[in-house]
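These notes are about the structure you will find just below.
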Amino acid sequence: MDDVSTLTRRSAILTSVGLAGGLSFGLSGPFAALGAAAKEFWDDKFPEDWTKEQIDLLLNNSPWAQKASVNFNGGPGGAGGYLYGGRISPGERVQYEGAGAEKSPGGFHALVRWESAKPLCAAQKRTPDGAKDFYILGLTGDFPDAAKPRPDEDVSAGEQRAGMLRANTKLDRRGDVPLYLDHIQGIKDGELFYFSRLDEIKPSNKEITFTTKLGPMEFKARFSLKDMLYRGKLEL
């Protein structure tokens, strides 16, 4: 009678926490299910079933899309310098013509996104050219874009600008040498950065840090590879 009473009380407790019908305490059964993490929507649903809100989340705040820190580093040759469409002041403030406003670098917003990653391609219903051969990261925001050529830029200045971009744009891989920029492509509100896939990013790298320097402004964003799984596979 005591055993029956004990089982009844135990059943009542399990029922109260939604585990009625299961008394197994092994690795299988309801307790294992309780400990399992819920699937992310990109793994649980087909892309055509993603909602507008889920797509927005994937594109703007997900393992593949992270806000970048923006720091003022003075740029080559000192604190002052010029950007296309504006002027960098030595007082660590940026004034750009047309907008008639001043901002400190900390006031700018920037987003780094893996445009070549399959879930982002699915969300946008397009795959950027070169995604098979390159890791493609987009940097967008409201910052002055020093990567774009100035109207009066000559060939020498253009080559110098491109060289600085290659030297200061990289993907740091934990446990491996960095991947450096192959080339860049301008887009609305930012740039696309291309890194060759010949030197593969592996799950064992664990974390990737994207860094670039546009004029006197440095952008940095970190990504955790263990979170960048899509259908059970690392997708970049």
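Simple scheme: letters A, B, ... for chains in structure tokens order, numbers from 1 for residues in each chain, numbers from 1 for ligands in the order shown.
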7 Å contact set for A:Ala68, only C-alpha atoms, chain neighbours under 2 positions out, as a compact mmCIF listing (two decimals) with N, CA, C and O atoms, in the first residue's frame:
# COMPACT_ATOMS: atom_id res chain seq x y z
N GLN A 66 26.02 40.24 -36.26
CA GLN A 66 26.38 40.81 -34.98
C GLN A 66 26.70 42.30 -35.12
O GLN A 66 27.26 42.74 -36.12
N VAL A 70 32.76 50.15 -32.81
CA VAL A 70 33.35 51.18 -33.67
C VAL A 70 34.28 52.03 -32.82
O VAL A 70 33.84 52.67 -31.87
N ALA A 110 26.99 49.91 -36.68
CA ALA A 110 27.49 49.05 -37.75
C ALA A 110 27.09 47.61 -37.47
O ALA A 110 27.08 47.17 -36.32
N LEU A 111 26.76 46.90 -38.54
CA LEU A 111 26.36 45.50 -38.45
C LEU A 111 27.25 44.68 -39.37
O LEU A 111 27.49 45.07 -40.52
N VAL A 112 27.77 43.56 -38.86
CA VAL A 112 28.56 42.63 -39.67
C VAL A 112 27.74 41.37 -39.86
O VAL A 112 27.23 40.79 -38.90
N PHE A 219 36.49 48.75 -37.01
CA PHE A 219 35.27 47.98 -36.76
C PHE A 219 35.66 46.56 -36.38
O PHE A 219 36.54 45.96 -36.99
N LYS A 220 34.95 46.02 -35.39
CA LYS A 220 35.28 44.67 -34.93
C LYS A 220 34.00 43.96 -34.49
O LYS A 220 33.14 44.54 -33.82
N ALA A 221 33.89 42.67 -34.86
CA ALA A 221 32.74 41.85 -34.44
C ALA A 221 33.21 40.42 -34.24
O ALA A 221 34.01 39.91 -35.03
- Task: Find the residues around stretch 157-172 of chain A up to 6 Å (only C-alpha atoms counted), leave out those fewer than 3 positions away in its own chain, and share them as a list in words.
- Result: Glu153, Asp154, Pro178, Leu179, Tyr180, Leu181, Ile208, Thr209, Phe210, Thr211, Thr212 and Lys213 of chain A
- Query: Tell me, which residues of stretch 127-230 of chain A carry DSSP alpha helix (DSSP H), written as a list in words?
  - Reply: Val155, Ser156, Ala157, Gly158, Glu159, Gln160, Arg161, Ala162, Gly163, Met164, Leu165, Arg166, Ala167 and Asn168 of chain A
Those residues you just picked out, can you put them in a file as a JSON list (two decimals), in the first residue's frame with N, CA and C atoms?
[["chain", "number", "residue", "atom", "x", "y", "z"],
["A", 155, "VAL", "N", 45.34, 57.11, -59.38],
["A", 155, "VAL", "CA", 45.66, 55.68, -59.35],
["A", 155, "VAL", "C", 46.52, 55.33, -58.14],
["A", 156, "SER", "N", 47.51, 56.17, -57.85],
["A", 156, "SER", "CA", 48.41, 55.91, -56.73],
["A", 156, "SER", "C", 47.66, 55.90, -55.41],
["A", 157, "ALA", "N", 46.78, 56.88, -55.24],
["A", 157, "ALA", "CA", 45.99, 56.96, -54.00],
["A", 157, "ALA", "C", 45.05, 55.77, -53.87],
["A", 158, "GLY", "N", 44.50, 55.34, -55.00],
["A", 158, "GLY", "CA", 43.62, 54.19, -54.99],
["A", 158, "GLY", "C", 44.34, 52.91, -54.60],
["A", 159, "GLU", "N", 45.56, 52.75, -55.12],
["A", 159, "GLU", "CA", 46.34, 51.57, -54.77],
["A", 159, "GLU", "C", 46.74, 51.58, -53.29],
["A", 160, "GLN", "N", 47.05, 52.76, -52.78],
["A", 160, "GLN", "CA", 47.41, 52.88, -51.38],
["A", 160, "GLN", "C", 46.21, 52.55, -50.49],
["A", 161, "ARG", "N", 45.05, 53.05, -50.86],
["A", 161, "ARG", "CA", 43.83, 52.78, -50.10],
["A", 161, "ARG", "C", 43.52, 51.29, -50.10],
["A", 162, "ALA", "N", 43.66, 50.64, -51.27],
["A", 162, "ALA", "CA", 43.40, 49.20, -51.37],
["A", 162, "ALA", "C", 44.40, 48.40, -50.54],
["A", 163, "GLY", "N", 45.67, 48.82, -50.55],
["A", 163, "GLY", "CA", 46.68, 48.14, -49.76],
["A", 163, "GLY", "C", 46.42, 48.24, -48.27],
["A", 164, "MET", "N", 45.99, 49.41, -47.83],
["A", 164, "MET", "CA", 45.67, 49.60, -46.41],
["A", 164, "MET", "C", 44.48, 48.73, -46.00],
["A", 165, "LEU", "N", 43.51, 48.64, -46.90],
["A", 165, "LEU", "CA", 42.34, 47.81, -46.60],
["A", 165, "LEU", "C", 42.74, 46.35, -46.43],
["A", 166, "ARG", "N", 43.59, 45.84, -47.33],
["A", 166, "ARG", "CA", 44.03, 44.44, -47.24],
["A", 166, "ARG", "C", 44.84, 44.19, -45.98],
["A", 167, "ALA", "N", 45.64, 45.16, -45.60],
["A", 167, "ALA", "CA", 46.48, 44.98, -44.42],
["A", 167, "ALA", "C", 45.68, 45.04, -43.12],
["A", 168, "ASN", "N", 44.57, 45.75, -43.15],
["A", 168, "ASN", "CA", 43.82, 45.99, -41.91],
["A", 168, "ASN", "C", 42.47, 45.27, -41.86]]
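The closest residue to A:Arg231, picked from A:Asp56, A:Lys118, A:Gly107, A:Ala65 and counting only C-alpha atoms, is A:Lys118.
The smallest atom-to-atom distance between A:Ile136 and any of A:Arg173, A:Glu235, A:Glu207, A:Lys45, using only C-alpha atoms, is found for A:Glu235.
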- Which residues come within 6 Å of stretch 187-192 of chain A, counting only C-alpha atoms, excluding same-chain residues fewer than 5 positions away, as a PyMOL selection string? chain A and resi 137-141
Determine, counting only C-alpha atoms, which protein, DNA and RNA residues have an atom within 8 Å of an atom of stretch 123-126 of chain A; residues of the same chain fewer than 6 positions away are not included. Present the result as a short mmCIF file (atom, residue, chain, number, x, y, z; two decimals) with C-alpha atoms, in the first residue's frame.
data_model
loop_
_atom_site.label_atom_id
_atom_site.label_comp_id
_atom_site.auth_asym_id
_atom_site.auth_seq_id
_atom_site.Cartn_x
_atom_site.Cartn_y
_atom_site.Cartn_z
CA PRO A 47 12.82 28.73 -45.00
CA ILE A 55 13.80 36.62 -40.99
CA LEU A 58 18.17 36.17 -38.54
CA LEU A 59 19.45 39.08 -40.63
#
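A straight line drawn from atom CA of A:Arg174 to atom CA of A:Ser69 is 19.4 Å long.
The shortest atom-to-atom distance to A:Phe193, with only C-alpha atoms taken into account, belongs to A:Ser116 out of A:Gln54, A:Lys39, A:Asn71, A:Ser116.
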- Hey, what's within 7 Å of A:Leu225 if we count only C-alpha atoms and toss same-chain stuff fewer than 3 positions away? As a ChimeraX atom specification, please? /A:203,206-207,228
Save out the residues we just selected, C-alpha atoms, as a JSON list (two decimals), in the first residue's frame.
[["chain", "number", "residue", "atom", "x", "y", "z"],
["A", 203, "PRO", "CA", 34.73, 24.16, -36.04],
["A", 206, "LYS", "CA", 35.74, 28.05, -32.14],
["A", 207, "GLU", "CA", 35.63, 31.83, -32.58],
["A", 228, "MET", "CA", 26.61, 29.01, -36.47]]
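Interatomic distance, atom CA of A:Asp199 to atom CA of A:Asp176: 9.9 Å.
Atom CA of A:Trp42 is positioned 9.6 Å from atom CA of A:Leu229.
The smallest atom-to-atom distance between A:Asp49 and any of A:Ala122, A:His109, A:Trp64, A:Gly186, using only C-alpha atoms, is found for A:Ala122.
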